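Colleague: Have a peek at data02.pdb (PDB, C-alpha atoms, pLDDT in the B column).
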```
ATOM      1  CA  MET J1367     128.024  80.028  58.856  1.00 43.00           C
ATOM      2  CA  PRO J1368     127.258  78.386  55.519  1.00 44.00           C
ATOM      3  CA  ASN J1369     128.639  79.701  52.284  1.00 44.00           C
ATOM      4  CA  ARG J1370     125.829  81.546  50.523  1.00 42.00           C
ATOM      5  CA  GLN J1371     127.151  81.192  46.996  1.00 45.00           C
ATOM      6  CA  SER J1372     128.785  78.000  45.858  1.00 44.00           C
ATOM      7  CA  MET J1373     132.158  78.702  44.268  1.00 49.00           C
ATOM      8  CA  HIS J1374     133.186  75.056  44.017  1.00 52.00           C
ATOM      9  CA  SER J1375     131.668  71.797  42.859  1.00 68.00           C
ATOM     10  CA  HIS J1376     132.204  69.983  46.188  1.00 85.00           C
ATOM     11  CA  HIS J1377     130.634  70.622  49.564  1.00 93.00           C
ATOM     12  CA  ILE J1378     131.541  69.324  53.049  1.00 96.00           C
ATOM     13  CA  LEU J1379     129.760  69.839  56.365  1.00 96.00           C
ATOM     14  CA  ILE J1380     131.778  69.933  59.596  1.00 97.00           C
ATOM     15  CA  VAL J1381     129.836  69.242  62.807  1.00 94.00           C
ATOM     16  CA  GLU J1382     132.192  69.921  65.688  1.00 94.00           C
ATOM     17  CA  ASP J1383     131.816  71.762  69.000  1.00 92.00           C
ATOM     18  CA  ASP J1384     135.553  72.498  69.332  1.00 93.00           C
ATOM     19  CA  TYR J1385     135.861  75.954  67.765  1.00 95.00           C
ATOM     20  CA  ALA J1386     139.578  75.774  66.936  1.00 95.00           C
ATOM     21  CA  PHE J1387     139.390  72.344  65.308  1.00 96.00           C
ATOM     22  CA  ARG J1388     136.188  73.221  63.411  1.00 96.00           C
ATOM     23  CA  TRP J1389     137.550  76.408  61.897  1.00 97.00           C
ATOM     24  CA  SER J1390     141.040  75.021  61.219  1.00 97.00           C
ATOM     25  CA  LEU J1391     139.513  72.152  59.261  1.00 97.00           C
ATOM     26  CA  ALA J1392     137.154  74.496  57.402  1.00 98.00           C
ATOM     27  CA  VAL J1393     140.038  76.734  56.325  1.00 97.00           C
ATOM     28  CA  ARG J1394     142.089  73.737  55.118  1.00 96.00           C
ATOM     29  CA  LEU J1395     139.164  72.424  53.072  1.00 96.00           C
ATOM     30  CA  GLN J1396     138.359  75.821  51.586  1.00 95.00           C
ATOM     31  CA  ARG J1397     141.998  76.217  50.522  1.00 94.00           C
ATOM     32  CA  ALA J1398     141.653  72.881  48.736  1.00 93.00           C
ATOM     33  CA  GLY J1399     138.711  74.276  46.756  1.00 91.00           C
ATOM     34  CA  VAL J1400     135.800  72.806  48.701  1.00 93.00           C
ATOM     35  CA  ASP J1401     132.783  74.748  49.922  1.00 94.00           C
ATOM     36  CA  THR J1402     132.576  74.146  53.644  1.00 96.00           C
ATOM     37  CA  ASP J1403     129.739  74.682  56.071  1.00 97.00           C
ATOM     38  CA  VAL J1404     130.164  74.416  59.827  1.00 97.00           C
ATOM     39  CA  ALA J1405     127.813  73.600  62.672  1.00 95.00           C
ATOM     40  CA  GLU J1406     128.637  73.412  66.346  1.00 93.00           C
ATOM     41  CA  ASN J1407     125.648  71.240  67.263  1.00 91.00           C
ATOM     42  CA  VAL J1408     123.357  68.618  65.765  1.00 88.00           C
ATOM     43  CA  ARG J1409     120.357  70.938  65.474  1.00 89.00           C
ATOM     44  CA  ASP J1410     122.274  73.351  63.225  1.00 92.00           C
ATOM     45  CA  ALA J1411     123.764  70.445  61.256  1.00 91.00           C
ATOM     46  CA  VAL J1412     120.346  68.932  60.537  1.00 89.00           C
ATOM     47  CA  GLU J1413     119.058  72.316  59.375  1.00 92.00           C
ATOM     48  CA  LEU J1414     121.975  72.577  56.938  1.00 93.00           C
ATOM     49  CA  LEU J1415     121.548  68.967  55.785  1.00 91.00           C
ATOM     50  CA  ARG J1416     117.885  69.600  55.008  1.00 88.00           C
ATOM     51  CA  ARG J1417     118.568  72.876  53.156  1.00 90.00           C
ATOM     52  CA  ILE J1418     121.737  71.911  51.315  1.00 84.00           C
ATOM     53  CA  ARG J1419     121.492  68.544  49.614  1.00 76.00           C
ATOM     54  CA  ASP J1420     124.827  68.346  47.825  1.00 87.00           C
ATOM     55  CA  TYR J1421     127.296  67.396  50.582  1.00 93.00           C
ATOM     56  CA  CYS J1422     129.850  64.779  49.571  1.00 92.00           C
ATOM     57  CA  CYS J1423     130.931  64.250  53.191  1.00 94.00           C
ATOM     58  CA  VAL J1424     129.983  65.127  56.752  1.00 95.00           C
ATOM     59  CA  VAL J1425     132.802  65.308  59.300  1.00 96.00           C
ATOM     60  CA  VAL J1426     131.285  64.877  62.745  1.00 93.00           C
ATOM     61  CA  ASP J1427     132.489  64.725  66.319  1.00 91.00           C
ATOM     62  CA  LEU J1428     130.941  61.756  68.061  1.00 84.00           C
ATOM     63  CA  LYS J1429     129.967  63.671  71.209  1.00 82.00           C
ATOM     64  CA  LEU J1430     128.289  67.025  70.782  1.00 83.00           C
ATOM     65  CA  GLY J1431     126.914  68.781  73.806  1.00 77.00           C
ATOM     66  CA  GLY J1432     124.547  66.469  75.625  1.00 77.00           C
ATOM     67  CA  GLN J1433     123.982  64.115  72.701  1.00 77.00           C
ATOM     68  CA  THR J1434     125.612  60.733  72.517  1.00 72.00           C
ATOM     69  CA  GLY J1435     127.467  59.658  69.425  1.00 72.00           C
ATOM     70  CA  GLU J1436     124.830  57.109  68.570  1.00 74.00           C
ATOM     71  CA  SER J1437     122.064  59.711  68.524  1.00 77.00           C
ATOM     72  CA  VAL J1438     124.249  62.116  66.528  1.00 81.00           C
ATOM     73  CA  LEU J1439     124.850  59.468  63.850  1.00 84.00           C
ATOM     74  CA  ALA J1440     121.215  58.389  63.775  1.00 83.00           C
ATOM     75  CA  THR J1441     120.071  61.982  63.312  1.00 83.00           C
ATOM     76  CA  ILE J1442     122.557  62.607  60.501  1.00 84.00           C
ATOM     77  CA  ARG J1443     121.653  59.314  58.807  1.00 85.00           C
ATOM     78  CA  GLU J1444     117.978  60.266  58.886  1.00 87.00           C
ATOM     79  CA  ALA J1445     118.610  63.768  57.485  1.00 86.00           C
ATOM     80  CA  ALA J1446     121.129  62.683  54.813  1.00 86.00           C
ATOM     81  CA  PRO J1447     121.029  58.921  54.217  1.00 86.00           C
ATOM     82  CA  ASN J1448     123.405  58.893  51.235  1.00 87.00           C
ATOM     83  CA  VAL J1449     126.187  61.130  52.542  1.00 90.00           C
ATOM     84  CA  ALA J1450     129.489  59.655  53.722  1.00 91.00           C
ATOM     85  CA  VAL J1451     130.219  60.344  57.374  1.00 93.00           C
ATOM     86  CA  LEU J1452     133.724  60.723  58.762  1.00 94.00           C
ATOM     87  CA  VAL J1453     133.807  60.532  62.557  1.00 92.00           C
ATOM     88  CA  VAL J1454     136.469  62.372  64.559  1.00 93.00           C
ATOM     89  CA  THR J1455     136.359  61.613  68.246  1.00 89.00           C
ATOM     90  CA  ALA J1456     138.424  61.417  71.407  1.00 87.00           C
ATOM     91  CA  TYR J1457     136.826  58.080  72.331  1.00 84.00           C
ATOM     92  CA  PRO J1458     139.114  55.121  71.496  1.00 85.00           C
ATOM     93  CA  ASP J1459     136.170  52.706  71.710  1.00 84.00           C
ATOM     94  CA  ALA J1460     134.212  54.678  69.088  1.00 79.00           C
ATOM     95  CA  TRP J1461     134.236  51.958  66.417  1.00 77.00           C
ATOM     96  CA  THR J1462     132.712  49.453  68.869  1.00 78.00           C
ATOM     97  CA  ARG J1463     130.044  51.965  69.880  1.00 74.00           C
ATOM     98  CA  ILE J1464     129.231  52.725  66.240  1.00 76.00           C
ATOM     99  CA  THR J1465     128.940  49.084  65.187  1.00 74.00           C
ATOM    100  CA  GLU J1466     126.721  48.369  68.175  1.00 71.00           C
ATOM    101  CA  SER J1467     124.442  51.253  67.174  1.00 68.00           C
ATOM    102  CA  GLN J1468     123.925  49.890  63.630  1.00 65.00           C
ATOM    103  CA  ALA J1469     125.344  53.106  62.146  1.00 65.00           C
ATOM    104  CA  VAL J1470     128.368  51.372  60.650  1.00 70.00           C
ATOM    105  CA  ASP J1471     127.014  51.434  57.076  1.00 76.00           C
ATOM    106  CA  HIS J1472     126.841  55.231  57.202  1.00 79.00           C
ATOM    107  CA  VAL J1473     130.332  55.803  58.628  1.00 88.00           C
ATOM    108  CA  SER J1474     133.276  55.708  56.240  1.00 88.00           C
ATOM    109  CA  ARG J1475     135.999  56.019  58.856  1.00 90.00           C
ATOM    110  CA  VAL J1476     136.632  56.812  62.513  1.00 90.00           C
ATOM    111  CA  MET J1477     139.646  58.985  63.355  1.00 93.00           C
ATOM    112  CA  ILE J1478     140.749  59.297  66.973  1.00 92.00           C
ATOM    113  CA  LYS J1479     141.732  62.697  68.408  1.00 91.00           C
ATOM    114  CA  PRO J1480     144.131  64.232  68.848  1.00 92.00           C
ATOM    115  CA  ILE J1481     144.644  64.153  65.109  1.00 92.00           C
ATOM    116  CA  ASP J1482     146.248  66.454  62.604  1.00 95.00           C
ATOM    117  CA  VAL J1483     143.728  68.611  60.748  1.00 96.00           C
ATOM    118  CA  ASP J1484     145.467  67.878  57.435  1.00 96.00           C
ATOM    119  CA  LEU J1485     144.839  64.142  57.846  1.00 96.00           C
ATOM    120  CA  VAL J1486     141.150  64.731  58.481  1.00 96.00           C
ATOM    121  CA  ALA J1487     140.950  67.101  55.502  1.00 96.00           C
ATOM    122  CA  GLU J1488     142.659  64.570  53.242  1.00 96.00           C
ATOM    123  CA  GLU J1489     140.201  61.846  54.256  1.00 95.00           C
ATOM    124  CA  ALA J1490     137.197  64.145  53.777  1.00 95.00           C
ATOM    125  CA  LEU J1491     138.460  65.267  50.374  1.00 94.00           C
ATOM    126  CA  ARG J1492     138.746  61.653  49.289  1.00 93.00           C
ATOM    127  CA  HIS J1493     134.938  61.473  49.426  1.00 88.00           C
ATOM    128  CA  CYS J1494     134.680  64.466  47.128  1.00 86.00           C
ATOM    129  CA  GLY J1495     137.150  63.113  44.599  1.00 83.00           C
ATOM    130  CA  THR J1496     139.411  66.132  44.908  1.00 66.00           C
ATOM    131  CA  SER J1497     143.067  66.665  45.775  1.00 53.00           C
ATOM    132  CA  SER J1498     144.496  66.965  49.245  1.00 52.00           C
ATOM    133  CA  PRO J1499     145.155  70.404  50.797  1.00 46.00           C
ATOM    134  CA  ASN J1500     148.893  69.852  50.371  1.00 46.00           C
ATOM    135  CA  GLN J1501     148.502  69.062  46.655  1.00 44.00           C
ATOM    136  CA  ALA J1502     146.281  72.105  46.179  1.00 40.00           C
ATOM    137  CA  ALA J1503     148.830  74.367  47.896  1.00 39.00           C
ATOM    138  CA  ALA J1504     151.666  72.932  45.809  1.00 37.00           C
ATOM    139  CA  ALA J1505     149.729  73.660  42.602  1.00 34.00           C
ATOM    140  CA  ARG J1506     149.680  77.405  43.380  1.00 31.00           C
TER     141      ARG J1506
END
```
Translate this file's structure into structure tokens.

Modeller:
Amino acid sequence: MPNRQSMHSHHILIVEDDYAFRWSLAVRLQRAGVDTDVAENVRDAVELLRRIRDYCCVVVDLKLGGQTGESVLATIREAAPNVAVLVVTAYPDAWTRITESQAVDHVSRVMIKPIDVDLVAEEALRHCGTSSPNQAAAAR
């Protein structure tokens, strides 16, 4: 569910079909002061990308439902051509697949699961020019 009122100056979209990972990452990012929207499939993500134009980063799983990673990236690139994309995936050959699909210019980094949510949050926050979740928690 997207945030209706922006409380922060940065905005990240998480596109992930794993409920626990999606919501854990969203909570970490919100604690760091970033508005966070979540989508569990590409259709919902594209709707958000078309309605909300101020994302600094999209964190996306490479395989969502029946869609291949290449089609996921192509769809996101079409909907938001200037947004950095951080791929989190369980496929160790993901970088090869991405470079073969010509989506490499849109992808900032590929992180292989299983991965710590804090590491993903830190990488996503880098695109927004804000502090890491650990730095934000220490400042409180």

Colleague: Residues at most 7 Å from Ala1487 (chain J), counting only C-alpha atoms, excluding those fewer than 2 positions away in the same chain, as a ChimeraX atom specification?

Modeller: /J:1391,1394-1395,1483-1485,1489-1491

Colleague: Those residues you just picked out, can you put them in a file as an mmCIF file, keeping the file's coordinate frame with C-alpha atoms?

Modeller:
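Written output follows (again-v3.cif):
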```cif
data_model
loop_
_atom_site.group_PDB
_atom_site.id
_atom_site.type_symbol
_atom_site.label_atom_id
_atom_site.label_comp_id
_atom_site.auth_asym_id
_atom_site.auth_seq_id
_atom_site.Cartn_x
_atom_site.Cartn_y
_atom_site.Cartn_z
ATOM 1 C CA LEU J 1391 139.513 72.152 59.261
ATOM 2 C CA ARG J 1394 142.089 73.737 55.118
ATOM 3 C CA LEU J 1395 139.164 72.424 53.072
ATOM 4 C CA VAL J 1483 143.728 68.611 60.748
ATOM 5 C CA ASP J 1484 145.467 67.878 57.435
ATOM 6 C CA LEU J 1485 144.839 64.142 57.846
ATOM 7 C CA GLU J 1489 140.201 61.846 54.256
ATOM 8 C CA ALA J 1490 137.197 64.145 53.777
ATOM 9 C CA LEU J 1491 138.460 65.267 50.374
#
```

Colleague: Counting all atoms listed in the file, what is within 12 Å of region 1433-1440 of chain J, bar same-chain residues fewer than 3 positions away, as a PyMOL selection string?

Modeller: chain J and resi 1381-1383+1407-1412+1424-1430+1443-1447+1449-1457+1459-1474+1476

Colleague: Report the distance between CA of Ile1481 (chain J) and CA of Cys1494 (chain J) in Å, rounded to one decimal place.

Modeller: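 Computing it gives 20.6 Å between the two atoms.
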
Colleague: What is the distance between CA of Ala1386 (chain J) and CA of His1493 (chain J), in Å to one decimal?

Modeller: 23.1 Å

Colleague: Can you tell me how far CA of Lys1479 (chain J) sits from CA of Arg1492 (chain J), in Å to one decimal?

Modeller: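 Pair CA of Lys1479 (chain J) / CA of Arg1492 (chain J) returns 19.4 Å.
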
Colleague: Name the closest residue to Glu1488 (chain J) among the candidates J:Cys1423, J:Arg1388, J:Glu1413, J:Glu1406; distances are taken between atoms, counting only C-alpha atoms.

Modeller: J:Cys1423

Colleague: Please evaluate the PyMOL selection byres ((chain J and resi 1418) around 10) against the structure above and give the resulting residues as a list in words.

Modeller: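 Applying the expression gives Pro1368, His1377, Leu1379, Asp1403, Val1412, Glu1413, Leu1414, Leu1415, Arg1416, Arg1417, Arg1419, Asp1420, Tyr1421 and Ala1446 of chain J.
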
Colleague: Export, as a compact mmCIF listing (two decimals), keeping the file's coordinate frame, the selected residues with C-alpha atoms.

Modeller:
```
# COMPACT_ATOMS: atom_id res chain seq x y z
CA PRO J 1368 127.26 78.39 55.52
CA HIS J 1377 130.63 70.62 49.56
CA LEU J 1379 129.76 69.84 56.36
CA ASP J 1403 129.74 74.68 56.07
CA VAL J 1412 120.35 68.93 60.54
CA GLU J 1413 119.06 72.32 59.38
CA LEU J 1414 121.98 72.58 56.94
CA LEU J 1415 121.55 68.97 55.78
CA ARG J 1416 117.88 69.60 55.01
CA ARG J 1417 118.57 72.88 53.16
CA ARG J 1419 121.49 68.54 49.61
CA ASP J 1420 124.83 68.35 47.82
CA TYR J 1421 127.30 67.40 50.58
CA ALA J 1446 121.13 62.68 54.81
```

Colleague: Looking at only C-alpha atoms, which of J:Thr1402, J:Asp1384, J:Trp1389, J:Met1477 is the one that sits closest to Cys1422 (chain J)?

Modeller: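 Checking each of J:Thr1402, J:Asp1384, J:Trp1389, J:Met1477 against Cys1422 (chain J), counting only C-alpha atoms, the winner is J:Thr1402.
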
Colleague: Choose the residue, out of J:Val1400, J:Pro1480, J:Thr1441, J:Ala1392, that has the smallest atom-to-atom separation from Ile1380 (chain J); count all atoms listed in the file.

Modeller: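 Selected residue with least distance to Ile1380 (chain J): J:Ala1392.
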
Colleague: From the list J:Gly1495, J:Asp1482, J:Ile1442, J:Arg1475, which residue is nearest Gly1399 (chain J) when using all atoms listed in the file?

Modeller: J:Gly1495
